[in-house]
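Student: Got a file for you: run10.pdb, PDB, C-alpha atoms, pLDDT in the B column.
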ATOM      1  CA  MET I   1      10.276   6.553 -16.757  1.00 96.00           C
ATOM      2  CA  LEU I   2       7.748   5.131 -14.276  1.00 98.00           C
ATOM      3  CA  LEU I   3       4.364   6.617 -13.422  1.00 98.00           C
ATOM      4  CA  ALA I   4       2.937   5.576 -10.035  1.00 98.00           C
ATOM      5  CA  LEU I   5      -0.804   5.779  -9.322  1.00 98.00           C
ATOM      6  CA  ASP I   6      -2.499   5.240  -5.951  1.00 98.00           C
ATOM      7  CA  THR I   7      -6.210   5.785  -5.253  1.00 97.00           C
ATOM      8  CA  SER I   8      -6.567   3.155  -2.531  1.00 96.00           C
ATOM      9  CA  THR I   9      -8.430   5.257   0.044  1.00 95.00           C
ATOM     10  CA  GLU I  10      -9.796   8.781   0.328  1.00 94.00           C
ATOM     11  CA  TRP I  11      -6.158   9.853  -0.007  1.00 95.00           C
ATOM     12  CA  ALA I  12      -4.664   9.652  -3.508  1.00 97.00           C
ATOM     13  CA  SER I  13      -1.158  10.134  -4.854  1.00 98.00           C
ATOM     14  CA  VAL I  14       0.736  10.160  -8.161  1.00 98.00           C
ATOM     15  CA  ALA I  15       4.483  10.286  -8.823  1.00 98.00           C
ATOM     16  CA  LEU I  16       7.028  10.162 -11.617  1.00 98.00           C
ATOM     17  CA  PHE I  17      10.272   8.215 -11.100  1.00 98.00           C
ATOM     18  CA  ASP I  18      13.277   7.787 -13.386  1.00 97.00           C
ATOM     19  CA  GLY I  19      14.859   4.823 -11.617  1.00 96.00           C
ATOM     20  CA  ARG I  20      16.948   7.008  -9.339  1.00 96.00           C
ATOM     21  CA  ASP I  21      14.959  10.087  -8.353  1.00 98.00           C
ATOM     22  CA  VAL I  22      11.347  10.996  -7.750  1.00 98.00           C
ATOM     23  CA  LEU I  23      10.969  13.787 -10.304  1.00 98.00           C
ATOM     24  CA  GLY I  24       7.551  14.920  -9.135  1.00 98.00           C
ATOM     25  CA  GLU I  25       4.752  13.903  -6.809  1.00 98.00           C
ATOM     26  CA  GLU I  26       1.270  15.019  -5.794  1.00 97.00           C
ATOM     27  CA  THR I  27      -0.686  13.698  -2.810  1.00 97.00           C
ATOM     28  CA  TRP I  28      -4.139  14.961  -1.973  1.00 96.00           C
ATOM     29  CA  ARG I  29      -7.370  14.113  -0.178  1.00 95.00           C
ATOM     30  CA  ALA I  30      -9.624  12.975  -3.007  1.00 94.00           C
ATOM     31  CA  GLN I  31     -12.323  11.550  -0.715  1.00 91.00           C
ATOM     32  CA  ARG I  32     -14.606   9.916  -3.328  1.00 89.00           C
ATOM     33  CA  ARG I  33     -13.571  12.032  -6.303  1.00 94.00           C
ATOM     34  CA  HIS I  34     -10.749   9.809  -7.571  1.00 95.00           C
ATOM     35  CA  GLY I  35     -12.315   9.317 -10.970  1.00 93.00           C
ATOM     36  CA  ASP I  36     -12.798  13.055 -11.456  1.00 95.00           C
ATOM     37  CA  GLU I  37      -9.403  14.140 -10.199  1.00 97.00           C
ATOM     38  CA  LEU I  38      -6.838  11.473 -11.117  1.00 97.00           C
ATOM     39  CA  PHE I  39      -6.209  12.421 -14.743  1.00 96.00           C
ATOM     40  CA  GLY I  40      -5.970  16.095 -13.850  1.00 97.00           C
ATOM     41  CA  ALA I  41      -3.272  15.217 -11.314  1.00 98.00           C
ATOM     42  CA  ILE I  42      -1.416  13.133 -13.917  1.00 98.00           C
ATOM     43  CA  GLU I  43      -1.522  16.033 -16.381  1.00 97.00           C
ATOM     44  CA  ARG I  44      -0.173  18.457 -13.774  1.00 98.00           C
ATOM     45  CA  LEU I  45       2.589  16.008 -12.866  1.00 98.00           C
ATOM     46  CA  LEU I  46       3.704  15.585 -16.470  1.00 97.00           C
ATOM     47  CA  LEU I  47       3.532  19.327 -17.076  1.00 98.00           C
ATOM     48  CA  SER I  48       5.497  20.251 -13.953  1.00 97.00           C
ATOM     49  CA  THR I  49       8.245  17.732 -14.749  1.00 97.00           C
ATOM     50  CA  ARG I  50       8.242  18.620 -18.471  1.00 97.00           C
ATOM     51  CA  THR I  51       7.665  14.960 -19.314  1.00 97.00           C
ATOM     52  CA  ALA I  52       5.715  13.585 -22.266  1.00 96.00           C
ATOM     53  CA  LEU I  53       3.369  10.685 -21.578  1.00 95.00           C
ATOM     54  CA  ALA I  54       5.149   8.839 -24.395  1.00 95.00           C
ATOM     55  CA  SER I  55       8.267   8.789 -22.180  1.00 96.00           C
ATOM     56  CA  VAL I  56       6.468   6.649 -19.584  1.00 97.00           C
ATOM     57  CA  ASP I  57       7.397   3.019 -20.215  1.00 95.00           C
ATOM     58  CA  ARG I  58       6.571   1.650 -16.758  1.00 96.00           C
ATOM     59  CA  ILE I  59       3.500   2.039 -14.568  1.00 97.00           C
ATOM     60  CA  ALA I  60       2.978   0.982 -10.942  1.00 97.00           C
ATOM     61  CA  VAL I  61      -0.464   0.904  -9.355  1.00 98.00           C
ATOM     62  CA  ALA I  62      -1.462   0.341  -5.728  1.00 97.00           C
ATOM     63  CA  THR I  63      -3.693  -2.732  -5.541  1.00 96.00           C
ATOM     64  CA  GLY I  64      -5.041  -2.518  -2.001  1.00 94.00           C
ATOM     65  CA  PRO I  65      -6.509  -3.439   0.298  1.00 96.00           C
ATOM     66  CA  GLY I  66      -8.578  -0.306   0.409  1.00 93.00           C
ATOM     67  CA  SER I  67     -11.705   1.298  -0.982  1.00 91.00           C
ATOM     68  CA  PHE I  68     -13.676  -0.985  -3.300  1.00 89.00           C
ATOM     69  CA  THR I  69     -14.291   1.805  -5.799  1.00 91.00           C
ATOM     70  CA  GLY I  70     -11.087   3.769  -5.261  1.00 93.00           C
ATOM     71  CA  LEU I  71      -8.784   0.844  -5.992  1.00 94.00           C
ATOM     72  CA  ARG I  72     -10.339   0.291  -9.378  1.00 94.00           C
ATOM     73  CA  VAL I  73      -9.740   3.875 -10.497  1.00 96.00           C
ATOM     74  CA  ALA I  74      -5.930   3.696 -10.422  1.00 97.00           C
ATOM     75  CA  ILE I  75      -5.832   0.137 -11.738  1.00 96.00           C
ATOM     76  CA  ALA I  76      -8.131   0.941 -14.642  1.00 96.00           C
ATOM     77  CA  ALA I  77      -6.183   4.114 -15.418  1.00 97.00           C
ATOM     78  CA  GLY I  78      -2.865   2.253 -15.322  1.00 96.00           C
ATOM     79  CA  GLN I  79      -4.196  -0.495 -17.572  1.00 95.00           C
ATOM     80  CA  GLY I  80      -5.594   2.025 -20.017  1.00 95.00           C
ATOM     81  CA  ILE I  81      -2.335   3.983 -20.277  1.00 95.00           C
ATOM     82  CA  ALA I  82      -0.309   0.769 -20.570  1.00 94.00           C
ATOM     83  CA  ARG I  83      -2.504  -0.562 -23.372  1.00 93.00           C
ATOM     84  CA  GLY I  84      -2.121   2.646 -25.311  1.00 91.00           C
ATOM     85  CA  SER I  85       1.632   2.999 -24.861  1.00 91.00           C
ATOM     86  CA  GLY I  86       2.886  -0.539 -24.395  1.00 92.00           C
ATOM     87  CA  ALA I  87       4.283   0.333 -20.962  1.00 94.00           C
ATOM     88  CA  SER I  88       5.025  -2.431 -18.456  1.00 95.00           C
ATOM     89  CA  LEU I  89       2.517  -2.557 -15.597  1.00 95.00           C
ATOM     90  CA  VAL I  90       2.989  -3.799 -12.035  1.00 96.00           C
ATOM     91  CA  GLY I  91       0.712  -3.907  -8.986  1.00 96.00           C
ATOM     92  CA  ILE I  92       1.983  -3.325  -5.428  1.00 96.00           C
ATOM     93  CA  SER I  93       0.008  -3.779  -2.209  1.00 96.00           C
ATOM     94  CA  THR I  94      -1.005  -0.522  -0.546  1.00 97.00           C
ATOM     95  CA  LEU I  95       0.111  -1.878   2.842  1.00 97.00           C
ATOM     96  CA  ASP I  96       3.545  -2.686   1.395  1.00 97.00           C
ATOM     97  CA  VAL I  97       3.783   0.942   0.241  1.00 97.00           C
ATOM     98  CA  LEU I  98       2.928   2.245   3.714  1.00 97.00           C
ATOM     99  CA  ALA I  99       5.460   0.031   5.481  1.00 97.00           C
ATOM    100  CA  TYR I 100       8.325   0.444   3.007  1.00 96.00           C
ATOM    101  CA  PRO I 101       9.799   3.807   4.150  1.00 95.00           C
ATOM    102  CA  HIS I 102      10.016   2.595   7.757  1.00 95.00           C
ATOM    103  CA  ALA I 103      12.377  -0.306   7.074  1.00 93.00           C
ATOM    104  CA  PRO I 104      15.420   1.676   8.370  1.00 92.00           C
ATOM    105  CA  SER I 105      13.779   1.923  11.802  1.00 91.00           C
ATOM    106  CA  LYS I 106      14.195  -1.868  12.214  1.00 89.00           C
ATOM    107  CA  LEU I 107      11.013  -1.773  14.294  1.00 93.00           C
ATOM    108  CA  ARG I 108       8.170  -4.178  13.804  1.00 95.00           C
ATOM    109  CA  THR I 109       5.807  -2.067  11.707  1.00 97.00           C
ATOM    110  CA  CYS I 110       2.050  -2.275  11.311  1.00 97.00           C
ATOM    111  CA  PRO I 111       0.383  -0.153   8.604  1.00 97.00           C
ATOM    112  CA  LEU I 112      -3.325   0.483   9.135  1.00 97.00           C
ATOM    113  CA  LEU I 113      -6.047   1.474   6.679  1.00 96.00           C
ATOM    114  CA  PRO I 114      -9.732   1.897   7.565  1.00 93.00           C
ATOM    115  CA  ALA I 115     -11.923  -0.992   6.441  1.00 93.00           C
ATOM    116  CA  GLY I 116     -15.245   0.283   7.832  1.00 89.00           C
ATOM    117  CA  ARG I 117     -17.340  -0.908  10.771  1.00 89.00           C
ATOM    118  CA  ASP I 118     -14.505  -0.180  13.242  1.00 92.00           C
ATOM    119  CA  GLN I 119     -12.201  -2.555  11.390  1.00 95.00           C
ATOM    120  CA  TYR I 120      -8.795  -1.958   9.826  1.00 96.00           C
ATOM    121  CA  TYR I 121      -6.715  -3.563   7.115  1.00 96.00           C
ATOM    122  CA  ALA I 122      -3.304  -4.420   8.498  1.00 96.00           C
ATOM    123  CA  ALA I 123      -0.163  -6.524   8.164  1.00 96.00           C
ATOM    124  CA  PHE I 124       3.085  -6.859  10.100  1.00 96.00           C
ATOM    125  CA  TYR I 125       6.526  -6.110   8.672  1.00 96.00           C
ATOM    126  CA  GLN I 126       9.905  -6.730  10.255  1.00 93.00           C
ATOM    127  CA  GLU I 127      13.563  -7.124   9.414  1.00 89.00           C
ATOM    128  CA  ARG I 128      14.914 -10.618   9.810  1.00 85.00           C
ATOM    129  CA  ASN I 129      18.299 -11.858   8.616  1.00 83.00           C
ATOM    130  CA  ARG I 130      18.897  -8.352   7.246  1.00 83.00           C
ATOM    131  CA  LYS I 131      15.840  -8.588   5.034  1.00 88.00           C
ATOM    132  CA  TRP I 132      12.758  -6.382   5.454  1.00 89.00           C
ATOM    133  CA  GLN I 133       9.602  -8.314   4.622  1.00 92.00           C
ATOM    134  CA  ARG I 134       5.956  -8.720   5.377  1.00 94.00           C
ATOM    135  CA  ARG I 135       5.719 -11.317   8.148  1.00 92.00           C
ATOM    136  CA  SER I 136       1.967 -11.900   8.215  1.00 93.00           C
ATOM    137  CA  PRO I 137      -0.963 -12.323   5.872  1.00 93.00           C
ATOM    138  CA  PHE I 138      -3.059  -9.296   5.039  1.00 94.00           C
ATOM    139  CA  ILE I 139      -5.775  -9.114   7.669  1.00 93.00           C
ATOM    140  CA  VAL I 140      -8.890  -7.173   8.586  1.00 94.00           C
ATOM    141  CA  ALA I 141      -9.797  -6.809  12.254  1.00 94.00           C
ATOM    142  CA  THR I 142     -10.809  -4.419  15.005  1.00 96.00           C
ATOM    143  CA  LEU I 143      -8.114  -2.673  17.028  1.00 97.00           C
ATOM    144  CA  PRO I 144      -8.699  -4.862  20.120  1.00 97.00           C
ATOM    145  CA  GLU I 145      -8.373  -7.997  17.963  1.00 95.00           C
ATOM    146  CA  LEU I 146      -5.130  -6.734  16.464  1.00 94.00           C
ATOM    147  CA  SER I 147      -3.761  -5.699  19.845  1.00 95.00           C
ATOM    148  CA  ARG I 148      -4.183  -9.192  21.267  1.00 92.00           C
ATOM    149  CA  GLN I 149      -1.567 -10.351  18.749  1.00 88.00           C
ATOM    150  CA  ILE I 150       1.013  -7.714  19.714  1.00 91.00           C
ATOM    151  CA  GLY I 151       3.506  -8.436  22.469  1.00 89.00           C
ATOM    152  CA  THR I 152       6.382  -6.196  21.504  1.00 92.00           C
ATOM    153  CA  HIS I 153       7.095  -2.619  20.484  1.00 95.00           C
ATOM    154  CA  THR I 154       5.291  -1.941  17.216  1.00 97.00           C
ATOM    155  CA  LEU I 155       5.433   1.119  14.978  1.00 97.00           C
ATOM    156  CA  PHE I 156       2.027   2.092  13.627  1.00 97.00           C
ATOM    157  CA  VAL I 157       1.759   3.963  10.332  1.00 97.00           C
ATOM    158  CA  GLY I 158      -1.009   4.788   7.892  1.00 95.00           C
ATOM    159  CA  GLU I 159      -4.313   6.573   8.279  1.00 93.00           C
ATOM    160  CA  LEU I 160      -4.484   7.031  12.042  1.00 93.00           C
ATOM    161  CA  ASP I 161      -6.661   9.716  13.571  1.00 93.00           C
ATOM    162  CA  ALA I 162      -6.450  10.867  17.188  1.00 95.00           C
ATOM    163  CA  GLU I 163      -9.081   8.381  18.314  1.00 96.00           C
ATOM    164  CA  VAL I 164      -7.162   5.440  16.814  1.00 96.00           C
ATOM    165  CA  GLU I 165      -3.951   6.573  18.511  1.00 97.00           C
ATOM    166  CA  THR I 166      -5.703   6.906  21.859  1.00 97.00           C
ATOM    167  CA  THR I 167      -7.290   3.468  21.539  1.00 97.00           C
ATOM    168  CA  LEU I 168      -3.989   1.798  20.664  1.00 97.00           C
ATOM    169  CA  ARG I 169      -2.192   3.542  23.530  1.00 97.00           C
ATOM    170  CA  ASP I 170      -4.903   2.357  25.924  1.00 97.00           C
ATOM    171  CA  LEU I 171      -4.680  -1.199  24.598  1.00 97.00           C
ATOM    172  CA  LEU I 172      -0.903  -1.514  24.223  1.00 97.00           C
ATOM    173  CA  GLY I 173       0.684   1.073  26.482  1.00 97.00           C
ATOM    174  CA  PRO I 174       4.380   1.638  25.654  1.00 96.00           C
ATOM    175  CA  ASN I 175       4.316  -1.098  23.000  1.00 96.00           C
ATOM    176  CA  ALA I 176       2.429   1.300  20.699  1.00 97.00           C
ATOM    177  CA  ILE I 177       4.794   3.616  18.823  1.00 97.00           C
ATOM    178  CA  PHE I 178       3.572   6.111  16.233  1.00 97.00           C
ATOM    179  CA  ALA I 179       5.363   7.594  13.266  1.00 93.00           C
ATOM    180  CA  SER I 180       5.021  11.346  12.799  1.00 93.00           C
ATOM    181  CA  PRO I 181       2.008  12.495  10.760  1.00 91.00           C
ATOM    182  CA  ALA I 182       4.147  13.455   7.749  1.00 92.00           C
ATOM    183  CA  SER I 183       6.216  10.248   7.699  1.00 91.00           C
ATOM    184  CA  ARG I 184       3.250   7.906   7.992  1.00 89.00           C
ATOM    185  CA  MET I 185       1.402   9.326   4.990  1.00 89.00           C
ATOM    186  CA  ARG I 186       1.119   7.155   1.897  1.00 94.00           C
ATOM    187  CA  ARG I 187       3.107   8.615  -0.992  1.00 96.00           C
ATOM    188  CA  ALA I 188       3.288   7.466  -4.597  1.00 98.00           C
ATOM    189  CA  GLY I 189       7.050   8.066  -4.580  1.00 98.00           C
ATOM    190  CA  TYR I 190       7.429   4.967  -2.412  1.00 97.00           C
ATOM    191  CA  LEU I 191       5.068   3.041  -4.683  1.00 98.00           C
ATOM    192  CA  ALA I 192       7.258   4.098  -7.601  1.00 98.00           C
ATOM    193  CA  GLU I 193      10.440   2.765  -5.972  1.00 97.00           C
ATOM    194  CA  LEU I 194       8.800  -0.547  -5.116  1.00 97.00           C
ATOM    195  CA  GLY I 195       7.277  -0.851  -8.577  1.00 96.00           C
ATOM    196  CA  TRP I 196      10.604  -0.176 -10.267  1.00 97.00           C
ATOM    197  CA  LYS I 197      12.346  -2.820  -8.148  1.00 95.00           C
ATOM    198  CA  GLU I 198       9.600  -5.328  -8.879  1.00 94.00           C
ATOM    199  CA  LEU I 199       9.797  -4.778 -12.637  1.00 94.00           C
ATOM    200  CA  GLU I 200      13.591  -5.077 -12.513  1.00 93.00           C
ATOM    201  CA  SER I 201      13.513  -8.408 -10.666  1.00 89.00           C
ATOM    202  CA  THR I 202      10.452 -10.286 -11.927  1.00 80.00           C
ATOM    203  CA  LYS I 203       8.844 -11.264 -15.181  1.00 70.00           C
ATOM    204  CA  GLN I 204       6.110  -8.966 -16.447  1.00 70.00           C
ATOM    205  CA  VAL I 205       2.690 -10.247 -15.402  1.00 73.00           C
ATOM    206  CA  LYS I 206      -0.294 -10.175 -17.685  1.00 76.00           C
ATOM    207  CA  MET I 207      -2.235  -6.944 -17.457  1.00 80.00           C
ATOM    208  CA  ALA I 208      -5.494  -8.740 -16.667  1.00 78.00           C
ATOM    209  CA  GLU I 209      -3.874 -10.387 -13.633  1.00 81.00           C
ATOM    210  CA  ILE I 210      -3.480  -7.036 -11.860  1.00 91.00           C
ATOM    211  CA  GLU I 211      -6.671  -6.786  -9.833  1.00 89.00           C
ATOM    212  CA  PRO I 212      -7.783  -5.071  -6.617  1.00 89.00           C
ATOM    213  CA  LEU I 213      -6.809  -6.915  -3.453  1.00 89.00           C
ATOM    214  CA  TYR I 214      -9.876  -7.338  -1.266  1.00 85.00           C
ATOM    215  CA  VAL I 215      -9.271  -8.962   2.096  1.00 82.00           C
ATOM    216  CA  ARG I 216     -12.294 -10.863   3.324  1.00 63.00           C
ATOM    217  CA  GLN I 217     -13.281 -11.211   6.967  1.00 50.00           C
ATOM    218  CA  PRO I 218     -11.003 -13.817   8.567  1.00 41.00           C
ATOM    219  CA  SER I 219     -10.529 -15.388  11.964  1.00 39.00           C
ATOM    220  CA  ILE I 220      -8.019 -13.200  13.809  1.00 41.00           C
ATOM    221  CA  ARG I 221      -6.301 -16.209  15.360  1.00 40.00           C
ATOM    222  CA  VAL I 222      -3.152 -16.356  13.264  1.00 42.00           C
ATOM    223  CA  SER I 223       0.572 -16.791  13.694  1.00 40.00           C
ATOM    224  CA  PHE I 224       2.483 -13.662  12.700  1.00 41.00           C
ATOM    225  CA  ASP I 225       5.739 -15.555  12.136  1.00 40.00           C
ATOM    226  CA  GLN I 226       4.930 -16.895   8.697  1.00 36.00           C
ATOM    227  CA  PRO I 227       7.501 -16.482   5.913  1.00 33.00           C
ATOM    228  CA  PHE I 228       6.812 -13.701   3.449  1.00 31.00           C
ATOM    229  CA  ALA I 229       4.879 -14.729   0.372  1.00 34.00           C
ATOM    230  CA  PRO I 230       3.340 -12.635  -2.414  1.00 39.00           C
ATOM    231  CA  PRO I 231      -0.377 -12.016  -1.877  1.00 38.00           C
ATOM    232  CA  PRO I 232      -2.560 -14.577  -3.646  1.00 36.00           C
ATOM    233  CA  THR I 233      -4.402 -13.367  -6.712  1.00 36.00           C
ATOM    234  CA  ASP I 234      -7.432 -15.495  -5.918  1.00 34.00           C
ATOM    235  CA  GLU I 235      -9.671 -13.557  -3.515  1.00 32.00           C
ATOM    236  CA  ARG I 236     -10.940 -16.813  -2.021  1.00 32.00           C
ATOM    237  CA  ALA I 237      -7.430 -17.599  -0.815  1.00 30.00           C
ATOM    238  CA  LEU I 238      -7.141 -14.468   1.321  1.00 28.00           C
ATOM    239  CA  GLY I 239      -8.634 -15.779   4.576  1.00 32.00           C
ATOM    240  CA  LEU I 240      -6.243 -16.263   7.465  1.00 31.00           C
ATOM    241  CA  PRO I 241      -5.352 -19.791   8.570  1.00 32.00           C
ATOM    242  CA  LYS I 242      -6.269 -20.645  12.133  1.00 36.00           C
ATOM    243  CA  ARG I 243      -3.439 -21.297  14.530  1.00 34.00           C
ATOM    244  CA  SER I 244      -2.921 -25.017  14.980  1.00 32.00           C
TER     245      SER I 244
END
Let me see the file written as structure tokens.

Tutor:
Amino acid sequence: MLLALDTSTEWASVALFDGRDVLGEETWRAQRRHGDELFGAIERLLLSTRTALASVDRIAVATGPGSFTGLRVAIAAGQGIARGSGASLVGISTLDVLAYPHAPSKLRTCPLLPAGRDQYYAAFYQERNRKWQRRSPFIVATLPELSRQIGTHTLFVGELDAEVETTLRDLLGPNAIFASPASRMRRAGYLAELGWKELESTKQVKMAEIEPLYVRQPSIRVSFDQPFAPPPTDERALGLPKRS
């Protein structure tokens, strides 16, 4: 049984997954109350699915990018539960979680999360050779900076308010496509699926190696045709390379 925990932004989500089905899920607007509300949500989830915490032998946590404080709540909770139970623990990027359910669309997909000061965390995902992958580094930029790198139809998902949609439509015209409000929400059920797949295919990482992913301010000049690579664990390695 896998427990998925996500407190990356003011929205939080938890889910329970048995390897085939999402048995239960709760998503809510925690704002800055993640620390106060997360364990209550976990208790409700276990109660509603009639599952004992001892049955949880896998845990997936969203690692960001996102809120500096929020990210640490889920990671710390996941590490604490794993230490007590011996469960395997895996970290998955929050942007990967947002993009994942849109793979069947075959559209170039850009998840967005607010980074403050009119900037957004983003990455680009696309199917190539029948494989859906992240095709760019994780980046942080303003909407105009992002838009200058977009020359084709792109599906935007994530935390997009009306003002963000209007700005992107003004900047990109018909190249800006938006998922419906319900389908672009971040759900721990998707985190659970990704976490399960990761634990099935890779060696268990050390618990201390699962840390929040903070994307520092980069130059926006970057090629978005790079091969997919796992995000570096060293924060200093997260700047974008300049286009040669």

Student: With all atoms listed in the file as the counted atoms, please give the residues lying no more than 9 Å from region 102-105 of chain I, apart from itself and same-chain residues fewer than 3 positions off, as a ChimeraX atom specification.

Tutor: /I:98-99,108-109,125-127,132-133,155,157,179,183-184

Student: Quote the spacing between CA of Leu5 (chain I) and CA of Pro114 (chain I) in Å to one decimal place.

Tutor: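 Interatomic distance, CA of Leu5 (chain I) to CA of Pro114 (chain I): 19.5 Å.
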
Student: Using only C-alpha atoms, which residue out of I:Val215, I:Ala188, I:Pro137, I:Leu71 lies closest to Gln119 (chain I)?

Tutor: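 Closest candidate: I:Val215.
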
Student: Convert the output of the PyMOL selection byres ((chain I and resi 117) around 12) on the shown file into explicit residues, formatted as a list in words.

Tutor: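 Applying the expression gives Pro114, Ala115, Gly116, Asp118, Gln119, Tyr120, Tyr121, Val140, Ala141, Thr142, Leu143 and Gln217 of chain I.
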
Student: Which residues, protein or nucleic acid, reach to within 7 Å of (-0.8, 10.5, 2.2) in the file's coordinates when using all atoms listed in the file, and can you give that as a list of chain:residue names?

Tutor: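 Taken together, the residues in range are I:Trp11, I:Ala12, I:Thr27, I:Trp28, I:Met185, I:Arg186, I:Arg187.
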
Student: Kindly indicate which residue among I:Ser147, I:Thr7, I:Thr154, I:Ser136 lies nearest to Leu168 (chain I), using only C-alpha atoms for the distances.

Tutor: I:Ser147

Student: Place a sphere of radius 10 Å on (-3.7, 7.8, -9.0) in the file coordinates and name every protein, DNA or RNA residue with an atom inside or on its surface, counting all atoms listed in the file; give the answer as number ranges by chain.

Tutor: I: 3-8, 11-15, 26-27, 30, 34-35, 37-42, 60-62, 70-71, 73-78, 188

Student: Carefully work through the PyMOL selection byres ((chain I and resi 50-59) around 9) for this structure and note down the residues it includes, as a PyMOL selection string.

Tutor: chain I and resi 1-5+16+43+45-49+60-61+78-79+81-82+85-91+192+195-196+199

Student: Write to file, as a compact mmCIF listing (two decimals), in the frame of the given file, the residues of the selection just made, with C-alpha atoms.

Tutor:
# COMPACT_ATOMS: atom_id res chain seq x y z
CA MET I 1 10.28 6.55 -16.76
CA LEU I 2 7.75 5.13 -14.28
CA LEU I 3 4.36 6.62 -13.42
CA ALA I 4 2.94 5.58 -10.04
CA LEU I 5 -0.80 5.78 -9.32
CA LEU I 16 7.03 10.16 -11.62
CA GLU I 43 -1.52 16.03 -16.38
CA LEU I 45 2.59 16.01 -12.87
CA LEU I 46 3.70 15.58 -16.47
CA LEU I 47 3.53 19.33 -17.08
CA SER I 48 5.50 20.25 -13.95
CA THR I 49 8.24 17.73 -14.75
CA ALA I 60 2.98 0.98 -10.94
CA VAL I 61 -0.46 0.90 -9.36
CA GLY I 78 -2.86 2.25 -15.32
CA GLN I 79 -4.20 -0.50 -17.57
CA ILE I 81 -2.34 3.98 -20.28
CA ALA I 82 -0.31 0.77 -20.57
CA SER I 85 1.63 3.00 -24.86
CA GLY I 86 2.89 -0.54 -24.40
CA ALA I 87 4.28 0.33 -20.96
CA SER I 88 5.03 -2.43 -18.46
CA LEU I 89 2.52 -2.56 -15.60
CA VAL I 90 2.99 -3.80 -12.04
CA GLY I 91 0.71 -3.91 -8.99
CA ALA I 192 7.26 4.10 -7.60
CA GLY I 195 7.28 -0.85 -8.58
CA TRP I 196 10.60 -0.18 -10.27
CA LEU I 199 9.80 -4.78 -12.64

Student: Using all atoms listed in the file for the distances, tell me which of I:Leu23, I:Val205, I:Leu191, I:Ala182 is nearest to Ser93 (chain I).

Tutor: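 Ranking I:Leu23, I:Val205, I:Leu191, I:Ala182 by distance to Ser93 (chain I), first place goes to I:Leu191.
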
Student: Taking 2 positions as the minimum chain separation for residues in the same chain, which residues sit within 7 Å of Glu159 (chain I) when counting only C-alpha atoms? Answer as a ChimeraX atom specification.

Tutor: /I:112-113,157,161

Student: Can you work out the spacing between CA of Gln149 (chain I) and CA of Leu107 (chain I) in Å, to one decimal?

Tutor: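 Separation of CA of Gln149 (chain I) and CA of Leu107 (chain I): 15.9 Å.
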
Student: What does the structure give for the distance between CA of Met207 (chain I) and CA of Gly66 (chain I), in Å to one decimal?

Tutor: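 Taking CA of Met207 (chain I) and CA of Gly66 (chain I), their separation equals 20.1 Å.
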